[in-house]
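Trainee: Attaching a single structure in C-alpha cells format; questions to follow.
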Amino acid sequence: MKDLFGVVAVFDTAEAVKNAAARLRQQGYRSFEAYTPYPIEGLDRIMHPRPQRLLPGLMFAGAVLGAAWGYWIQYWDEALNYPLNVGGRPYNSWPAFTVGTFEFMLLVAVAAGFFGMLAVSRLPKLYHPVFEARAFVRASRDRFVICIEASDPRFDASAVRREFEQLGAEQIEEVRA
Amino acid sequence: MTMTLPSEFLPDAPVVAPDVTLTSLSEQVSSRVLMDRAPLWWWIGFAISSALFTVLIIQMGWLFIGGIGVWGVNIPVAWGLAIAEYVWWIALASGGTIVSALFFLTRSPWRSATNRIAESMLLSAAPCAGLMPIMHLGRPGLFYWLFPYSNVMGVWPQVRSPLWWDFICLICYILMSIMYYYAGILPDLATVRDLAKSRFKQIFYGILALGWRGSSEEWRNQRIVYAIMSAIMAPMVVSVHSVVGLDFAGGLTPGWHDTQFPPYFFFGAVISGSAVIMMLTIMVRWGYDLHDVLTGYHFNALAKVMLVGSVMLGYAYVWEAFGPIYGSDVAERTEFFQRIFGFTAPLFWSEKILTIVIPQLLWLPLVRRNQLLLFLISGGIIVGMWQERVMFTTASLEHNYMPSRWGVFFPTLWDWAALAGTIGLFLTLFFLFLRFAPIVSIAEVREVVEAERSK
C-alpha cells in the first residue's frame, strides 16, 4: 500500500473553507493547504499570517537592475564604445536615454515578477501528491478543498477525519501517493 | 427631481446572468476549448484567415525580391501604408492592454470577462505591427542590427532616435504582454486540464498549466505579481504609443513636428483598441454562445470607453487644427489646408465622421445596448482610424516645405496585399487563441459570480 500523504476535505462554500482553515490553525495544525478555484479574501492571511514581501521586493530589485542595465547599454554604446558626434551634443545625452532605460526597467521588473512568482510557488511542478485525491479536480472548478498533510506533527488520520466532519465537510478522503 | 433614462443600466445591474454558477461557468468556457470538433463557423473563419495569411506570405516574397518599390512609396512620400498600418496595428494592440491592465487597477467588474479577449487580441495584433516596419526596411534581414548587442562589426545603433526607442518599446511590450497574459491564464489552464477527458489533452494542458493547484500560497503570489504587473503595464502601454507619436513628432516635417502627438496617438489607441475589442467580444459571444457571461453590462462599459476615447480624440483634433491656423508657420498652415481640402480631403472628412461624429451616438443608452449598432460603430471607428493614420503619415510628406518637392502617394496592389495579409495573420492567430485557450478569464469571473451571489 502506498504511503498516506494526507486527508482531504471538500467544502462547498468559500465561507466554510475559511472557517475550517481558521479552526485548524487554532487547533495547532501547521502542514495544511487550501486549494480553491479563485483567491478568497482573507484566506491567505489565515494560511500564511506573515505578509509576502519577497515578490514585491524582487520586482523592485528587477526594476532597479533593469534601469541600470538599460542605461549602461546606452551609455556604453554612445559614450564609450561607438561615440557619434550628433550636432555637438554630449556623448552621454541622458535625456535621450530615458526611454530605453524606462522600457528595460519595466521589462526586467515584469520578468522578475513572473519568474519570481513561479519560483516562490515552486512551479512548474507537474506532479503533486494531492492530485491523487479524486475530489481534487473540482478544486479548480467549484469546490474548496483542504488537505492536512501526514507530515504535520499533530496528524492523526481518525482525529483529522472527525475534525473535518465537525466542520461540515461535504466529502472526506484519504490521499495515498 | 432627477431624470433617469429608462434604458440606462443601474449601478448594481448584474455583470453576468444570474443563472451562472461556478460549475456551469467552468464547464461552459472550458468546453469551448475541449470540444473534439471545432464548430463550422470556426473552420470557415480559420480558412478565410489562413487564405489571407497566405496573401501576406506571397506579398512578403514579392516584396523581398522586388524591394519596397513594389509599394506605392516614392520620394517625397517615403513613408506609406506600411508605416501607417504599423501605427494602426500597434494602436489596436495597445487598446488590449488598456482594457486589461488599466481596468484591473480600477477593479471594474466588467473587465474580468473581456480581459482575455483583449489580451488575445493584443498578442495577435502585436506581431502584425512588428512586421510592418521590418517589411519597410530596405534590407529586412538586417533588422536585428537595431538591437544593442555586442557584434564583431563594432557597430552600435543610434539610441538617440525615436525610431530606436520605438523598436525597444515594441520588443519589451511584446515580451511583457506574453508574461502578463501567461500569469493571468495559468489558473484557467489548470481548470481546462482538470476537465479534459482525453489523455492527450490532459497532458497538453497539464504541461501548460505548470502544475497549478490553486493553493492559497499560489493564489497569493499570483495576485501580488499580477497587480504589480498591471500597475506596470498601464504606464508601459502609454509609453509605447507615445513613443510611436514621437517617431513623427521627431521629424522636421509640417504636420508632424508637434509636441501633442504622444497623447494624440494614445487617444487613438484608446478608441481603436476598445472598438476592436467590442467587435471581437460581440463575435465571441455569438460564436461561442457565451451570452450569460458576456452581457449587456460589458458592452455598455466598453461603449463608454469608446465614447471617452472619441471625445479625447476630438479634443486632440481641435488642437491639431488650432496650431497651424493660430501659428505663423506658412508651411504648417499650407500643409494643413492641403490636408483638409486637397488630395486627402475625402480621407480626412470621412474619418472625422467615423471616429468623432458617429460615436457620439453612444451617449444614448439605447445605442449602447444594441449590439448591431455597436458592431457597426466599432467597425467604422477601426476603418476611420486606419484612414487617420494613412492620411497623417502621407499628407505631411506630400506637402513638405518645398513646393517643388510636393507629390502624391497612391497605394499599389501590393500595399493592399500587405494590409489584407496582416489582417489574415491577426485573424489566424486570434482563431488559434479562440480554439486552444480559454477565451474568458474563468478564475476572475468566478469572483464576479460569487460577489453577485452574496449581494
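Convention: chains lettered A, B, ... in C-alpha cells order; per-chain residue numbering from 1; ligands numbered from 1 as shown.
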Quick one: residues within 7 Å of Pro129 (chain A), only C-alpha atoms counted, chain neighbours fewer than 2 positions away excluded, as a ChimeraX atom specification?
Mentor: /A:5,127,131-132,177
Trainee: Put those residues in a file: N, CA and C atoms, as a CSV table (one decimal), in the first residue's frame.
Mentor:
chain,number,residue,atom,x,y,z
A,5,PHE,N,-0.5,10.4,2.3
A,5,PHE,CA,0.0,11.7,2.1
A,5,PHE,C,-0.7,12.7,3.0
A,127,TYR,N,3.8,17.3,-11.1
A,127,TYR,CA,3.1,16.3,-10.2
A,127,TYR,C,3.1,16.7,-8.8
A,131,PHE,N,-2.8,15.6,-6.2
A,131,PHE,CA,-3.5,15.3,-7.5
A,131,PHE,C,-4.2,13.9,-7.4
A,132,GLU,N,-3.7,13.1,-6.5
A,132,GLU,CA,-4.2,11.7,-6.4
A,132,GLU,C,-5.6,11.7,-5.8
A,177,ALA,N,-0.1,8.4,-1.9
A,177,ALA,CA,0.7,8.6,-3.1
A,177,ALA,C,2.1,8.0,-2.9
Trainee: Counting only C-alpha atoms, what are the residues of chain B within 6 Å of chain A, and for each of them which pair of atoms is the nearest and at what distance in Å, to one decimal? Sort the table by chain and rising number, as a Markdown table.
Mentor:
| residue | atom | partner | partner_atom | distance |
| --- | --- | --- | --- | --- |
| B:Leu22 | CA | A:Asp142 | CA | 5.1 |
| B:Thr23 | CA | A:Asp142 | CA | 5.3 |
| B:Ser26 | CA | A:Arg141 | CA | 5.8 |
| B:Arg160 | CA | A:Ala96 | CA | 5.2 |
| B:Cys172 | CA | A:Leu107 | CA | 5.8 |
| B:Thr191 | CA | A:Ser140 | CA | 5.1 |
| B:Asp194 | CA | A:Val137 | CA | 5.2 |
| B:Leu210 | CA | A:Pro124 | CA | 4.4 |
| B:Gly211 | CA | A:Leu126 | CA | 4.2 |
| B:Gly214 | CA | A:Tyr35 | CA | 5.0 |
| B:Ser215 | CA | A:Tyr35 | CA | 4.2 |
| B:Ser216 | CA | A:Asp44 | CA | 5.6 |
| B:Glu218 | CA | A:Ser121 | CA | 5.4 |
| B:Trp219 | CA | A:Pro39 | CA | 5.6 |
| B:Asn221 | CA | A:Met117 | CA | 5.8 |
| B:Val225 | CA | A:Gly113 | CA | 5.7 |
| B:Ala443 | CA | A:Tyr38 | CA | 5.5 |
Trainee: Once you have the residues from the selection above, write them out as a PDB file, in the first residue's frame, restricted to C-alpha atoms.
Mentor:
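Listing of selection.pdb after writing:
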ATOM      1  CA  LEU B  22     -19.159  28.233 -10.557  1.00  0.00           C
ATOM      2  CA  THR B  23     -19.865  24.806 -12.038  1.00  0.00           C
ATOM      3  CA  SER B  26     -16.018  26.452 -15.718  1.00  0.00           C
ATOM      4  CA  ARG B 160      19.105  58.988 -29.606  1.00  0.00           C
ATOM      5  CA  CYS B 172       9.668  44.986 -24.491  1.00  0.00           C
ATOM      6  CA  THR B 191      -9.251  24.233 -14.956  1.00  0.00           C
ATOM      7  CA  ASP B 194      -8.848  19.062 -14.783  1.00  0.00           C
ATOM      8  CA  LEU B 210       2.782  24.065 -14.992  1.00  0.00           C
ATOM      9  CA  GLY B 211       1.166  22.082 -12.186  1.00  0.00           C
ATOM     10  CA  GLY B 214      -4.837  26.770  -6.754  1.00  0.00           C
ATOM     11  CA  SER B 215      -3.317  26.579  -3.281  1.00  0.00           C
ATOM     12  CA  SER B 216      -3.716  29.671  -1.162  1.00  0.00           C
ATOM     13  CA  GLU B 218      -0.086  30.189  -5.256  1.00  0.00           C
ATOM     14  CA  TRP B 219      -3.089  32.485  -5.356  1.00  0.00           C
ATOM     15  CA  ASN B 221       1.748  35.072  -5.134  1.00  0.00           C
ATOM     16  CA  VAL B 225       2.522  39.805  -9.004  1.00  0.00           C
ATOM     17  CA  ALA B 443     -10.891  32.471 -12.408  1.00  0.00           C
TER      18      ALA B 443
END
Trainee: Could you tell me, as a count of residues only, which residues of region 25-165 of chain B DSSP assigns to alpha helix (DSSP H) when given the backbone?
Mentor: 86
Trainee: Let me make sure I understand: among B:Ile228, B:Asp247, B:Glu119, B:Lys201, which one has the smallest atom-to-atom distance to Pro162 (chain B) if we use only C-alpha atoms?
Mentor: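 Among the listed residues, the smallest separation from Pro162 (chain B) belongs to B:Asp247.
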Trainee: Show which residues sit within 9 Å of region 64-68 of chain B, as a VMD selection string. Count only C-alpha atoms, and ignore same-chain residues fewer than 3 positions away.
Mentor: chain B and resid 59 to 61 71 to 73 135 to 140
Trainee: Show which residues sit within 9 Å of Leu186 (chain B), as a list of chain:residue names. Count only C-alpha atoms, and ignore same-chain residues fewer than 3 positions away.
Mentor: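 So the residues in contact are B:Tyr181, B:Tyr182, B:Ala183, B:Leu189, B:Ala190, B:Thr191, B:Leu208, B:Ala209, B:Leu210, B:Trp212.
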Trainee: Could you give me, as a PyMOL selection string, the residues within 10 Å of Gly250 (chain B), counting only C-alpha atoms and dropping anything in the same chain fewer than 6 positions from it?
Mentor: chain B and resi 161-163+243+256-259+261
Trainee: In Å, with one decimal, what is the gap from CA of Met385 (chain B) to CA of Thr97 (chain B)?
Mentor: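 For CA of Met385 (chain B) relative to CA of Thr97 (chain B), the distance reads 18.0 Å.
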Trainee: List the neighbours of region 294-303 of chain B out to 10 Å using only C-alpha atoms; skip same-chain residues closer than 6 positions along the sequence, and give me the result as JSON, numbers by chain.
Mentor: {"B": [8, 9, 10, 11, 13, 14, 15, 16, 17, 99, 108, 109, 110, 111, 112, 113, 114, 271, 274, 275, 277, 278, 279, 281, 282, 284, 285, 286, 309, 359, 362, 363, 365, 366, 367, 368, 369, 370, 371, 374, 377, 378, 440]}
Trainee: Taking C-alpha atoms for each residue, export the selection above as a PDB file, in the first residue's frame.
Mentor:
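Writing the result to out-v1.pdb gives the following:
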ATOM      1  CA  GLU B   8     -29.794  53.162 -18.593  1.00  0.00           C
ATOM      2  CA  PHE B   9     -28.046  50.429 -16.639  1.00  0.00           C
ATOM      3  CA  LEU B  10     -28.486  50.606 -12.901  1.00  0.00           C
ATOM      4  CA  PRO B  11     -25.246  50.819 -10.958  1.00  0.00           C
ATOM      5  CA  ALA B  13     -27.013  45.692 -12.558  1.00  0.00           C
ATOM      6  CA  PRO B  14     -25.731  42.114 -12.777  1.00  0.00           C
ATOM      7  CA  VAL B  15     -22.446  41.731 -14.646  1.00  0.00           C
ATOM      8  CA  VAL B  16     -23.134  38.112 -15.543  1.00  0.00           C
ATOM      9  CA  ALA B  17     -26.508  36.425 -15.878  1.00  0.00           C
ATOM     10  CA  VAL B  99      -8.726  47.468 -21.174  1.00  0.00           C
ATOM     11  CA  SER B 108     -14.003  47.240 -12.778  1.00  0.00           C
ATOM     12  CA  PRO B 109     -16.111  44.082 -12.708  1.00  0.00           C
ATOM     13  CA  TRP B 110     -16.705  44.101 -16.474  1.00  0.00           C
ATOM     14  CA  ARG B 111     -13.011  43.759 -17.122  1.00  0.00           C
ATOM     15  CA  SER B 112     -12.993  40.175 -15.821  1.00  0.00           C
ATOM     16  CA  ALA B 113     -14.824  38.655 -18.760  1.00  0.00           C
ATOM     17  CA  THR B 114     -13.328  40.800 -21.510  1.00  0.00           C
ATOM     18  CA  ILE B 271     -10.718  54.374 -29.215  1.00  0.00           C
ATOM     19  CA  SER B 274     -11.734  49.353 -27.483  1.00  0.00           C
ATOM     20  CA  ALA B 275     -13.531  49.255 -30.835  1.00  0.00           C
ATOM     21  CA  ILE B 277     -12.347  44.500 -28.518  1.00  0.00           C
ATOM     22  CA  MET B 278     -16.018  45.395 -28.875  1.00  0.00           C
ATOM     23  CA  MET B 279     -16.256  43.698 -32.265  1.00  0.00           C
ATOM     24  CA  THR B 281     -16.471  40.398 -27.896  1.00  0.00           C
ATOM     25  CA  ILE B 282     -19.693  40.507 -29.877  1.00  0.00           C
ATOM     26  CA  VAL B 284     -17.101  35.585 -29.450  1.00  0.00           C
ATOM     27  CA  ARG B 285     -20.360  35.977 -27.577  1.00  0.00           C
ATOM     28  CA  TRP B 286     -22.410  34.785 -30.517  1.00  0.00           C
ATOM     29  CA  GLY B 309     -11.750  57.768 -26.496  1.00  0.00           C
ATOM     30  CA  PRO B 359     -19.538  57.642 -31.933  1.00  0.00           C
ATOM     31  CA  LEU B 362     -23.002  56.272 -27.782  1.00  0.00           C
ATOM     32  CA  TRP B 363     -24.279  58.938 -25.434  1.00  0.00           C
ATOM     33  CA  PRO B 365     -28.157  54.251 -23.580  1.00  0.00           C
ATOM     34  CA  LEU B 366     -30.298  52.733 -26.295  1.00  0.00           C
ATOM     35  CA  VAL B 367     -27.353  52.571 -28.678  1.00  0.00           C
ATOM     36  CA  ARG B 368     -25.058  51.143 -26.008  1.00  0.00           C
ATOM     37  CA  ARG B 369     -27.394  48.174 -25.672  1.00  0.00           C
ATOM     38  CA  ASN B 370     -27.834  47.482 -29.368  1.00  0.00           C
ATOM     39  CA  GLN B 371     -25.143  45.052 -30.423  1.00  0.00           C
ATOM     40  CA  LEU B 374     -22.222  48.825 -31.560  1.00  0.00           C
ATOM     41  CA  ILE B 377     -19.935  51.876 -34.966  1.00  0.00           C
ATOM     42  CA  SER B 378     -16.860  49.924 -33.871  1.00  0.00           C
ATOM     43  CA  VAL B 440     -12.797  34.232 -20.875  1.00  0.00           C
TER      44      VAL B 440
END
Trainee: If you count only C-alpha atoms, which residues fall within 8 Å of Ala9 (chain A), apart from same-chain ones fewer than 3 positions away, as a list in words?
Mentor: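 After dropping sequence-adjacent residues, the list is Val145, Ile146, Cys147, Phe164, Ala169, Glu170, Gln171, Ile172 and Glu173 of chain A.
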